[in-house]
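K.L.:
Contents of entry34.txt (compact mmCIF, C-alpha atoms):
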# COMPACT_ATOMS: atom_id res chain seq x y z
CA GLN A 459 2.86 -9.30 12.82
CA GLY A 460 1.49 -5.78 12.44
CA LEU A 461 -2.01 -6.89 11.42
CA TRP A 462 -5.43 -6.18 12.91
CA GLU A 463 -8.29 -8.63 13.44
CA TYR A 464 -12.00 -7.90 13.88
CA ARG A 465 -14.57 -10.56 14.72
CA LEU A 466 -17.87 -9.87 12.96
CA ASP A 467 -19.68 -12.78 14.63
CA ARG A 468 -19.13 -16.46 15.38
CA ARG A 469 -18.76 -17.21 11.69
CA TYR A 470 -16.58 -14.45 10.28
CA VAL A 471 -13.31 -12.78 11.22
CA VAL A 472 -11.83 -9.90 9.22
CA VAL A 473 -8.03 -9.77 9.20
CA GLY A 474 -6.06 -7.01 7.54
CA GLY A 475 -3.21 -4.57 7.49
CA ALA A 476 -3.38 -0.80 7.34
CA VAL A 477 -1.15 2.05 6.26
CA SER A 478 -1.52 5.61 7.48
CA ASN A 479 -0.17 7.27 4.36
CA GLY A 480 -1.84 6.83 1.00
CA GLY A 481 -3.63 9.48 -0.97
CA ASN A 482 -2.67 12.13 1.59
CA ALA A 483 1.05 11.55 1.00
CA ILE A 484 0.64 11.45 -2.78
CA GLU A 485 -1.34 14.69 -2.74
CA TRP A 486 1.31 16.33 -0.55
CA ALA A 487 4.10 15.27 -2.90
CA SER A 488 2.21 16.40 -6.00
CA ARG A 489 1.61 19.81 -4.42
CA LEU A 490 5.22 20.39 -3.37
CA PHE A 491 7.27 18.67 -6.04
CA ARG A 492 6.53 19.40 -9.67
CA GLY A 493 8.49 19.00 -12.88
CA GLY A 494 9.90 16.14 -14.87
CA ALA A 495 11.32 12.97 -13.41
CA THR A 496 13.90 10.47 -14.54
CA ARG A 497 12.68 6.93 -15.03
CA ALA A 498 11.52 5.45 -11.73
CA SER A 499 14.28 2.86 -11.76
CA GLU A 500 16.93 5.58 -12.03
CA HIS A 501 15.97 8.12 -9.36
CA GLY A 502 18.09 6.31 -6.75
CA LEU A 503 15.90 7.46 -3.85
CA THR A 504 14.57 5.60 -0.85
CA VAL A 505 11.53 7.23 0.72
CA LEU A 506 9.56 6.58 3.88
CA PRO A 507 6.22 8.35 3.19
CA LEU A 508 5.30 8.45 6.88
CA LEU A 509 3.59 11.84 7.15
CA SER A 510 1.07 10.50 9.68
CA GLY A 511 2.98 7.81 11.53
CA GLU A 512 2.61 4.23 10.35
CA ARG A 513 0.59 1.13 11.05
CA THR A 514 1.34 -2.21 9.35
CA PRO A 515 3.91 -3.55 9.96
CA TRP A 516 5.50 -1.11 12.44
CA TRP A 517 2.51 0.42 14.32
CA ASP A 518 4.37 3.55 15.32
CA ASP A 519 2.42 6.81 15.60
CA ARG A 520 5.67 8.72 16.12
CA ALA A 521 7.29 7.51 12.89
CA THR A 522 8.23 10.31 10.51
CA GLY A 523 9.00 10.47 6.81
CA ALA A 524 12.44 10.57 5.23
CA VAL A 525 14.11 10.81 1.84
CA ALA A 526 17.52 9.20 1.38
CA GLY A 527 19.77 9.19 -1.66
CA LEU A 528 19.47 12.86 -2.67
CA ARG A 529 22.11 14.08 -5.10
CA ALA A 530 22.81 17.31 -6.98
CA GLY A 531 21.01 15.94 -10.03
CA THR A 532 17.84 14.92 -8.16
CA THR A 533 14.81 16.76 -9.53
CA PRO A 534 11.53 17.69 -7.82
CA GLY A 535 9.87 15.24 -10.18
CA ASP A 536 12.20 12.48 -8.98
CA ILE A 537 11.15 13.12 -5.38
CA ARG A 538 7.47 13.11 -6.33
CA GLU A 539 7.75 9.86 -8.29
CA ALA A 540 9.82 8.18 -5.57
CA LEU A 541 7.30 9.18 -2.91
CA VAL A 542 4.35 7.87 -4.94
CA GLU A 543 6.21 4.62 -5.48
CA SER A 544 7.07 4.43 -1.77
CA VAL A 545 3.39 4.70 -0.80
CA VAL A 546 2.56 1.73 -3.00
CA LEU A 547 5.53 -0.19 -1.63
CA ARG A 548 4.15 0.25 1.88
CA LEU A 549 0.83 -1.16 0.65
CA ALA A 550 2.75 -4.03 -0.91
CA ALA A 551 4.56 -4.65 2.39
CA ALA A 552 1.22 -4.81 4.22
CA THR A 553 -0.11 -7.18 1.55
CA ARG A 554 2.90 -9.47 1.91
CA THR A 555 2.51 -9.51 5.69
CA LEU A 556 -1.13 -10.53 5.28
CA LEU A 557 -0.32 -13.24 2.71
CA GLU A 558 2.33 -14.70 5.01
CA ALA A 559 0.02 -14.69 8.03
CA ARG A 560 -3.09 -16.06 6.32
CA THR A 561 -2.71 -18.86 3.81
CA GLY A 562 -5.51 -19.56 1.38
CA ILE A 563 -6.07 -15.99 0.20
CA GLU A 564 -7.34 -16.51 -3.33
CA ARG A 565 -7.13 -13.04 -4.80
CA ILE A 566 -5.92 -9.52 -4.07
CA VAL A 567 -8.29 -6.64 -4.80
CA ALA A 568 -6.97 -3.06 -4.93
CA SER A 569 -9.49 -0.39 -3.99
CA GLY A 570 -9.67 3.15 -2.68
CA GLY A 571 -8.98 6.64 -3.93
CA VAL A 572 -5.30 6.07 -4.76
CA PHE A 573 -6.14 3.31 -7.22
CA ALA A 574 -9.16 5.16 -8.58
CA ARG A 575 -6.90 8.08 -9.52
CA GLN A 576 -3.86 6.05 -10.57
CA PRO A 577 -4.97 2.48 -11.34
CA GLU A 578 -1.58 1.62 -12.81
CA LEU A 579 -0.14 1.64 -9.28
CA ALA A 580 -1.80 -1.74 -8.76
CA GLN A 581 0.90 -3.08 -11.08
CA VAL A 582 3.57 -2.20 -8.51
CA ILE A 583 1.81 -4.30 -5.86
CA ALA A 584 1.43 -7.19 -8.30
CA ASP A 585 5.13 -7.02 -9.15
CA ALA A 586 6.23 -6.67 -5.51
CA VAL A 587 4.18 -9.58 -4.13
CA GLY A 588 4.31 -11.79 -7.22
CA ARG A 589 0.54 -12.25 -7.36
CA PRO A 590 -2.16 -10.90 -9.71
CA VAL A 591 -3.99 -7.83 -8.40
CA VAL A 592 -7.49 -6.97 -9.58
CA LEU A 593 -8.85 -3.45 -9.50
CA ALA A 594 -12.13 -2.88 -7.66
CA ALA A 595 -14.96 -1.25 -9.56
CA ASP A 596 -16.13 0.47 -6.36
CA VAL A 597 -13.96 3.26 -4.97
CA GLU A 598 -15.53 2.88 -1.51
CA SER A 599 -15.18 -0.88 -1.17
CA SER A 600 -15.06 -0.75 2.63
CA THR A 601 -18.41 1.05 2.69
CA ARG A 602 -19.85 -1.52 0.28
CA GLY A 603 -18.59 -4.32 2.51
CA ALA A 604 -20.14 -2.77 5.62
CA ALA A 605 -23.46 -2.39 3.78
CA ILE A 606 -23.37 -6.05 2.70
CA VAL A 607 -22.79 -7.17 6.29
CA ALA A 608 -25.68 -5.00 7.51
CA LEU A 609 -28.03 -6.31 4.81
CA GLU A 610 -27.15 -9.90 5.66
CA ARG A 611 -27.84 -9.22 9.34
CA ILE A 612 -31.38 -8.02 8.67
CA GLY A 613 -32.10 -10.88 6.29
CA ALA A 614 -32.04 -8.87 3.07
CA LEU A 615 -29.12 -10.95 1.75
CA PRO A 616 -28.59 -14.69 2.22
CA SER A 617 -24.81 -14.35 2.70
CA ILE A 618 -22.01 -11.80 2.90
CA GLU A 619 -19.93 -13.88 0.50
CA ILE A 620 -20.51 -11.65 -2.51
CA PRO A 621 -17.48 -11.26 -4.80
CA ALA A 622 -16.11 -7.75 -5.21
CA ARG A 623 -16.97 -6.09 -8.48
CA THR A 624 -13.74 -5.69 -10.39
CA THR A 625 -12.43 -4.23 -13.61
CA ARG A 626 -8.86 -4.85 -14.75
CA THR A 627 -6.36 -7.49 -13.63
CA TYR A 628 -2.68 -6.59 -13.25
CA ARG A 629 -0.41 -9.61 -13.57
CA PRO A 630 3.05 -9.67 -11.97
CA LYS A 631 6.06 -9.01 -14.15
CA ALA A 632 8.85 -11.26 -12.96
CA ALA A 633 11.56 -8.93 -14.26
CA ARG A 634 10.50 -6.25 -11.77
CA ARG A 635 10.21 -8.47 -8.69
CA ALA A 636 13.88 -8.23 -7.68
CA ARG A 637 13.86 -4.44 -8.00
CA TYR A 638 10.92 -4.07 -5.63
CA GLU A 639 12.40 -6.62 -3.23
CA ARG A 640 15.48 -4.39 -3.01
CA ALA A 641 13.35 -1.25 -2.62
CA LEU A 642 11.36 -2.78 0.24
CA ALA A 643 14.58 -3.92 1.92
CA ARG A 644 15.98 -0.37 1.64
CA GLN A 645 12.83 1.04 3.26
CA ASP A 646 13.19 -1.42 6.14
CA ARG A 647 16.86 -0.54 6.61
CA LEU A 648 16.11 3.19 6.55
CA MET A 649 13.37 2.80 9.15
CA THR A 650 15.68 0.71 11.35
CA ALA A 651 18.43 3.32 11.06
CA LEU A 652 16.08 6.17 11.94
CA ARG A 653 14.79 4.32 14.98
CA ALA A 654 18.31 3.57 16.15
CA SER A 655 19.37 7.21 15.72
CA GLY A 656 16.35 8.64 17.49
CA LEU A 657 15.64 10.92 14.52
CA GLU A 658 12.26 9.39 13.73
CA ASN A 659 10.46 11.35 16.46
Written as structure tokens, how would this file's structure read?
P.N.:
Amino acid sequence: QGLWEYRLDRRYVVVGGAVSNGGNAIEWASRLFRGGATRASEHGLTVLPLLSGERTPWWDDRATGAVAGLRAGTTPGDIREALVESVVLRLAAATRTLLEARTGIERIVASGGVFARQPELAQVIADAVGRPVVLAADVESSTRGAAIVALERIGALPSIEIPARTTRTYRPKAARRARYERALARQDRLMTALRASGLEN
């Protein structure tokens, strides 16, 4: 299913998905492609932001990035915006894989540098998966989680079940769901085509 699973002890198992291209891909696009963009829904581009291979759901270190749908009117800003959107779509794909594999997940928390710099990107995940997404107050949520586990182990905390500190909640907008469904399907088709052609490595 493209997920990973770590057993902390006899009581707890951590299950998740991972992407190899987040802030690094956004920084790369911002550095190379400047200028104005058309509205995101009009750029007509499908991007695989795989600058460093990919993990969930494909787990392919050899996977490479691609931009499809370029036209004479495509602007550098269009490419930048499409790549940023594509990064978040890969996060949404990993989130959907996790939700399908593990029922009972009560809430989705967005954390990390990408969302600290551009919190509005959490809205894309909410729209794509059809579930509310809350923004973590801590940028380094993984570090906080590891510290909580360590403190519980030495008896400084009674339990690791401490809710994440959050700020804003992004609620899904039904009108955008179909658009992101199509965008995710295009990414999957592009990846399949690249693999079949041998051009991905």
K.L.:
What does the structure give for the distance between atom CA of A:Trp517 and atom CA of A:Met649, in Å to one decimal?
P.N.:
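Separation of atom CA of A:Trp517 and atom CA of A:Met649: 12.3 Å.
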K.L.:
Measure the distance from atom CA of A:Leu490 to atom CA of A:Ser655 in Å and round it to one decimal.
P.N.:
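Separation between atom CA of A:Leu490 and atom CA of A:Ser655: 27.2 Å.
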K.L.:
Just checking: using all atoms listed in the file, which residue out of A:Arg637, A:Arg465, A:Arg513, A:Arg623 ends up closest to A:Leu593?
P.N.:
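Smallest distance to A:Leu593 is found for A:Arg623.
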K.L.:
Mind checking which residues fall within 9 Å of A:Ala632, counting only C-alpha atoms, ignoring those fewer than 4 positions away in the same chain, and posting them as a PyMOL selection string?
P.N.:
chain A and resi 585+588+636
K.L.:
Can you list every residue of stretch 582-646 of chain A that has an atom at most 8 Å from stretch 530-551 of chain A, with its nearest atom pair and the distance in Å to one decimal, using all atoms listed in the file, ordered by chain then number, as CSV?
P.N.:
residue,atom,partner,partner_atom,distance
A:Val582,CA,A:Val546,CA,6.8
A:Ile583,CA,A:Ala550,CA,5.0
A:Ala586,CA,A:Ala550,CA,6.3
A:Val587,CA,A:Ala550,CA,6.6
A:Tyr638,CA,A:Leu547,CA,7.8
A:Ala641,CA,A:Leu547,CA,8.0
A:Leu642,CA,A:Leu547,CA,6.6
K.L.:
Quick one: residues within 12 Å of stretch 470-472 of chain A, only C-alpha atoms counted, chain neighbours fewer than 5 positions away excluded, as a PyMOL selection string?
P.N.:
chain A and resi 461-465+556+560+600+603-604+607+617-619
K.L.:
Got time to write the residues from that selection, C-alpha atoms, as a PDB file, keeping the file's coordinate frame?
P.N.:
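again24.pdb, written as the output of this step:
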ATOM      1  CA  LEU A 461      -2.010  -6.890  11.420  1.00  0.00           C
ATOM      2  CA  TRP A 462      -5.430  -6.180  12.910  1.00  0.00           C
ATOM      3  CA  GLU A 463      -8.290  -8.630  13.440  1.00  0.00           C
ATOM      4  CA  TYR A 464     -12.000  -7.900  13.880  1.00  0.00           C
ATOM      5  CA  ARG A 465     -14.570 -10.560  14.720  1.00  0.00           C
ATOM      6  CA  LEU A 556      -1.130 -10.530   5.280  1.00  0.00           C
ATOM      7  CA  ARG A 560      -3.090 -16.060   6.320  1.00  0.00           C
ATOM      8  CA  SER A 600     -15.060  -0.750   2.630  1.00  0.00           C
ATOM      9  CA  GLY A 603     -18.590  -4.320   2.510  1.00  0.00           C
ATOM     10  CA  ALA A 604     -20.140  -2.770   5.620  1.00  0.00           C
ATOM     11  CA  VAL A 607     -22.790  -7.170   6.290  1.00  0.00           C
ATOM     12  CA  SER A 617     -24.810 -14.350   2.700  1.00  0.00           C
ATOM     13  CA  ILE A 618     -22.010 -11.800   2.900  1.00  0.00           C
ATOM     14  CA  GLU A 619     -19.930 -13.880   0.500  1.00  0.00           C
TER      15      GLU A 619
END
K.L.:
Please identify all polymer residues within 10 Å of A:Trp516, counting all atoms listed in the file, omitting same-chain residues fewer than 6 positions from it, and present them as a list in words.
P.N.:
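My list of contacting residues is Gln459, Gly460, Leu461, Val477, Ala552, Asp646 and Met649 of chain A.
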K.L.:
Export stretch 488-639 of chain A, C-alpha atoms, as an mmCIF file, in the first residue's frame; it's the structure right above.
P.N.:
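File written: part.cif
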data_model
loop_
_atom_site.group_PDB
_atom_site.id
_atom_site.type_symbol
_atom_site.label_atom_id
_atom_site.label_comp_id
_atom_site.auth_asym_id
_atom_site.auth_seq_id
_atom_site.Cartn_x
_atom_site.Cartn_y
_atom_site.Cartn_z
ATOM 1 C CA SER A 488 10.530 29.352 -6.535
ATOM 2 C CA ARG A 489 14.206 29.833 -7.366
ATOM 3 C CA LEU A 490 13.898 28.882 -11.035
ATOM 4 C CA PHE A 491 10.446 30.055 -12.032
ATOM 5 C CA ARG A 492 9.413 33.599 -11.220
ATOM 6 C CA GLY A 493 6.745 35.918 -12.543
ATOM 7 C CA GLY A 494 2.988 35.992 -12.614
ATOM 8 C CA ALA A 495 0.761 32.974 -12.955
ATOM 9 C CA THR A 496 -2.696 32.387 -14.328
ATOM 10 C CA ARG A 497 -5.262 31.094 -11.884
ATOM 11 C CA ALA A 498 -4.291 27.640 -10.631
ATOM 12 C CA SER A 499 -7.319 26.047 -12.262
ATOM 13 C CA GLU A 500 -6.301 27.418 -15.665
ATOM 14 C CA HIS A 501 -2.600 26.559 -15.969
ATOM 15 C CA GLY A 502 -3.431 23.195 -17.572
ATOM 16 C CA LEU A 503 -0.251 21.546 -16.275
ATOM 17 C CA THR A 504 0.323 18.163 -14.697
ATOM 18 C CA VAL A 505 3.501 17.976 -12.633
ATOM 19 C CA LEU A 506 5.335 15.149 -10.915
ATOM 20 C CA PRO A 507 7.553 16.974 -8.376
ATOM 21 C CA LEU A 508 9.866 13.991 -7.961
ATOM 22 C CA LEU A 509 13.259 15.675 -7.620
ATOM 23 C CA SER A 510 14.427 13.090 -5.075
ATOM 24 C CA GLY A 511 12.593 9.930 -6.088
ATOM 25 C CA GLU A 512 9.334 9.123 -4.336
ATOM 26 C CA ARG A 513 8.013 7.123 -1.432
ATOM 27 C CA THR A 514 4.274 6.771 -0.748
ATOM 28 C CA PRO A 515 2.623 5.304 -2.715
ATOM 29 C CA TRP A 516 5.219 4.296 -5.328
ATOM 30 C CA TRP A 517 8.454 3.787 -3.315
ATOM 31 C CA ASP A 518 10.734 4.369 -6.267
ATOM 32 C CA ASP A 519 14.119 6.006 -5.650
ATOM 33 C CA ARG A 520 14.694 6.234 -9.408
ATOM 34 C CA ALA A 521 11.511 8.189 -10.126
ATOM 35 C CA THR A 522 12.124 11.566 -11.733
ATOM 36 C CA GLY A 523 10.066 14.720 -12.106
ATOM 37 C CA ALA A 524 8.093 15.767 -15.157
ATOM 38 C CA VAL A 525 5.932 18.617 -16.426
ATOM 39 C CA ALA A 526 3.211 17.830 -18.969
ATOM 40 C CA GLY A 527 0.833 20.191 -20.718
ATOM 41 C CA LEU A 528 3.277 22.974 -21.639
ATOM 42 C CA ARG A 529 2.023 25.408 -24.259
ATOM 43 C CA ALA A 530 3.310 28.609 -25.860
ATOM 44 C CA GLY A 531 1.322 30.665 -23.365
ATOM 45 C CA THR A 532 2.630 28.867 -20.273
ATOM 46 C CA THR A 533 4.448 31.291 -17.972
ATOM 47 C CA PRO A 534 7.237 30.640 -15.449
ATOM 48 C CA GLY A 535 4.714 31.541 -12.766
ATOM 49 C CA ASP A 536 2.346 28.870 -14.073
ATOM 50 C CA ILE A 537 5.076 26.244 -13.721
ATOM 51 C CA ARG A 538 5.904 27.408 -10.200
ATOM 52 C CA GLU A 539 2.268 27.370 -9.084
ATOM 53 C CA ALA A 540 1.615 23.985 -10.702
ATOM 54 C CA LEU A 541 4.668 22.490 -9.009
ATOM 55 C CA VAL A 542 3.668 23.828 -5.587
ATOM 56 C CA GLU A 543 0.189 22.418 -6.090
ATOM 57 C CA SER A 544 1.646 19.085 -7.226
ATOM 58 C CA VAL A 545 3.677 18.766 -4.011
ATOM 59 C CA VAL A 546 0.534 19.181 -1.944
ATOM 60 C CA LEU A 547 -1.324 16.728 -4.161
ATOM 61 C CA ARG A 548 1.332 14.109 -3.419
ATOM 62 C CA LEU A 549 0.794 14.761 0.300
ATOM 63 C CA ALA A 550 -2.941 14.411 -0.287
ATOM 64 C CA ALA A 551 -2.368 11.107 -2.105
ATOM 65 C CA ALA A 552 -0.347 9.800 0.850
ATOM 66 C CA THR A 553 -3.084 10.972 3.219
ATOM 67 C CA ARG A 554 -5.768 9.184 1.211
ATOM 68 C CA THR A 555 -3.707 5.992 1.181
ATOM 69 C CA LEU A 556 -3.407 6.173 4.964
ATOM 70 C CA LEU A 557 -7.125 6.878 5.462
ATOM 71 C CA GLU A 558 -8.032 3.904 3.269
ATOM 72 C CA ALA A 559 -5.640 1.573 5.085
ATOM 73 C CA ARG A 560 -6.466 2.625 8.645
ATOM 74 C CA THR A 561 -10.067 3.271 9.567
ATOM 75 C CA GLY A 562 -10.861 5.261 12.681
ATOM 76 C CA ILE A 563 -8.488 8.159 12.048
ATOM 77 C CA GLU A 564 -10.253 11.015 13.800
ATOM 78 C CA ARG A 565 -8.388 14.047 12.524
ATOM 79 C CA ILE A 566 -5.711 15.125 10.068
ATOM 80 C CA VAL A 567 -2.993 17.472 11.308
ATOM 81 C CA ALA A 568 -0.753 19.296 8.817
ATOM 82 C CA SER A 569 2.721 20.128 10.097
ATOM 83 C CA GLY A 570 6.213 20.867 8.860
ATOM 84 C CA GLY A 571 8.036 23.660 7.102
ATOM 85 C CA VAL A 572 5.835 23.700 3.987
ATOM 86 C CA PHE A 573 2.723 24.459 6.018
ATOM 87 C CA ALA A 574 4.551 26.864 8.311
ATOM 88 C CA ARG A 575 5.523 28.953 5.277
ATOM 89 C CA GLN A 576 2.310 28.495 3.289
ATOM 90 C CA PRO A 577 -0.461 27.410 5.677
ATOM 91 C CA GLU A 578 -3.115 27.878 3.003
ATOM 92 C CA LEU A 579 -1.793 24.744 1.278
ATOM 93 C CA ALA A 580 -3.560 22.717 3.969
ATOM 94 C CA GLN A 581 -6.771 23.735 2.200
ATOM 95 C CA VAL A 582 -5.716 21.735 -0.873
ATOM 96 C CA ILE A 583 -5.353 18.576 1.224
ATOM 97 C CA ALA A 584 -8.723 19.186 2.873
ATOM 98 C CA ASP A 585 -10.358 19.631 -0.529
ATOM 99 C CA ALA A 586 -8.610 16.612 -2.075
ATOM 100 C CA VAL A 587 -9.422 14.140 0.722
ATOM 101 C CA GLY A 588 -12.780 15.604 1.724
ATOM 102 C CA ARG A 589 -11.853 15.864 5.399
ATOM 103 C CA PRO A 590 -11.039 18.832 7.682
ATOM 104 C CA VAL A 591 -7.320 19.490 8.140
ATOM 105 C CA VAL A 592 -6.002 21.281 11.209
ATOM 106 C CA LEU A 593 -2.728 23.172 11.203
ATOM 107 C CA ALA A 594 -0.154 22.225 13.837
ATOM 108 C CA ALA A 595 1.149 24.969 16.085
ATOM 109 C CA ASP A 596 4.558 23.248 16.206
ATOM 110 C CA VAL A 597 6.666 23.296 13.052
ATOM 111 C CA GLU A 598 8.714 20.315 14.265
ATOM 112 C CA SER A 599 5.835 18.046 15.251
ATOM 113 C CA SER A 600 7.860 14.870 14.677
ATOM 114 C CA THR A 601 10.496 16.081 17.135
ATOM 115 C CA ARG A 602 7.772 16.947 19.647
ATOM 116 C CA GLY A 603 6.286 13.476 19.235
ATOM 117 C CA ALA A 604 9.654 11.788 19.785
ATOM 118 C CA ALA A 605 10.193 13.879 22.925
ATOM 119 C CA ILE A 606 6.763 12.903 24.271
ATOM 120 C CA VAL A 607 7.534 9.204 23.741
ATOM 121 C CA ALA A 608 10.895 9.578 25.517
ATOM 122 C CA LEU A 609 9.328 11.428 28.458
ATOM 123 C CA GLU A 610 6.651 8.764 28.828
ATOM 124 C CA ARG A 611 9.326 6.054 28.833
ATOM 125 C CA ILE A 612 11.192 7.602 31.757
ATOM 126 C CA GLY A 613 8.002 8.218 33.699
ATOM 127 C CA ALA A 614 7.885 11.987 33.281
ATOM 128 C CA LEU A 615 4.530 11.745 31.463
ATOM 129 C CA PRO A 616 1.672 9.357 32.252
ATOM 130 C CA SER A 617 0.825 8.752 28.573
ATOM 131 C CA ILE A 618 1.902 9.614 25.043
ATOM 132 C CA GLU A 619 -1.697 10.375 24.117
ATOM 133 C CA ILE A 620 -1.312 14.143 24.184
ATOM 134 C CA PRO A 621 -3.272 15.993 21.483
ATOM 135 C CA ALA A 622 -1.253 18.020 19.006
ATOM 136 C CA ARG A 623 -1.338 21.747 19.564
ATOM 137 C CA THR A 624 -3.170 23.247 16.631
ATOM 138 C CA THR A 625 -4.166 26.619 15.247
ATOM 139 C CA ARG A 626 -6.524 26.910 12.285
ATOM 140 C CA THR A 627 -8.897 24.343 10.789
ATOM 141 C CA TYR A 628 -9.327 24.122 7.007
ATOM 142 C CA ARG A 629 -12.657 22.600 6.015
ATOM 143 C CA PRO A 630 -13.125 20.864 2.655
ATOM 144 C CA LYS A 631 -14.822 22.762 -0.131
ATOM 145 C CA ALA A 632 -16.960 20.310 -2.047
ATOM 146 C CA ALA A 633 -16.799 22.348 -5.252
ATOM 147 C CA ARG A 634 -13.046 21.724 -5.501
ATOM 148 C CA ARG A 635 -13.084 17.990 -4.776
ATOM 149 C CA ALA A 636 -13.699 16.887 -8.371
ATOM 150 C CA ARG A 637 -10.913 19.119 -9.673
ATOM 151 C CA TYR A 638 -8.339 17.595 -7.333
ATOM 152 C CA GLU A 639 -9.623 14.084 -8.061
#
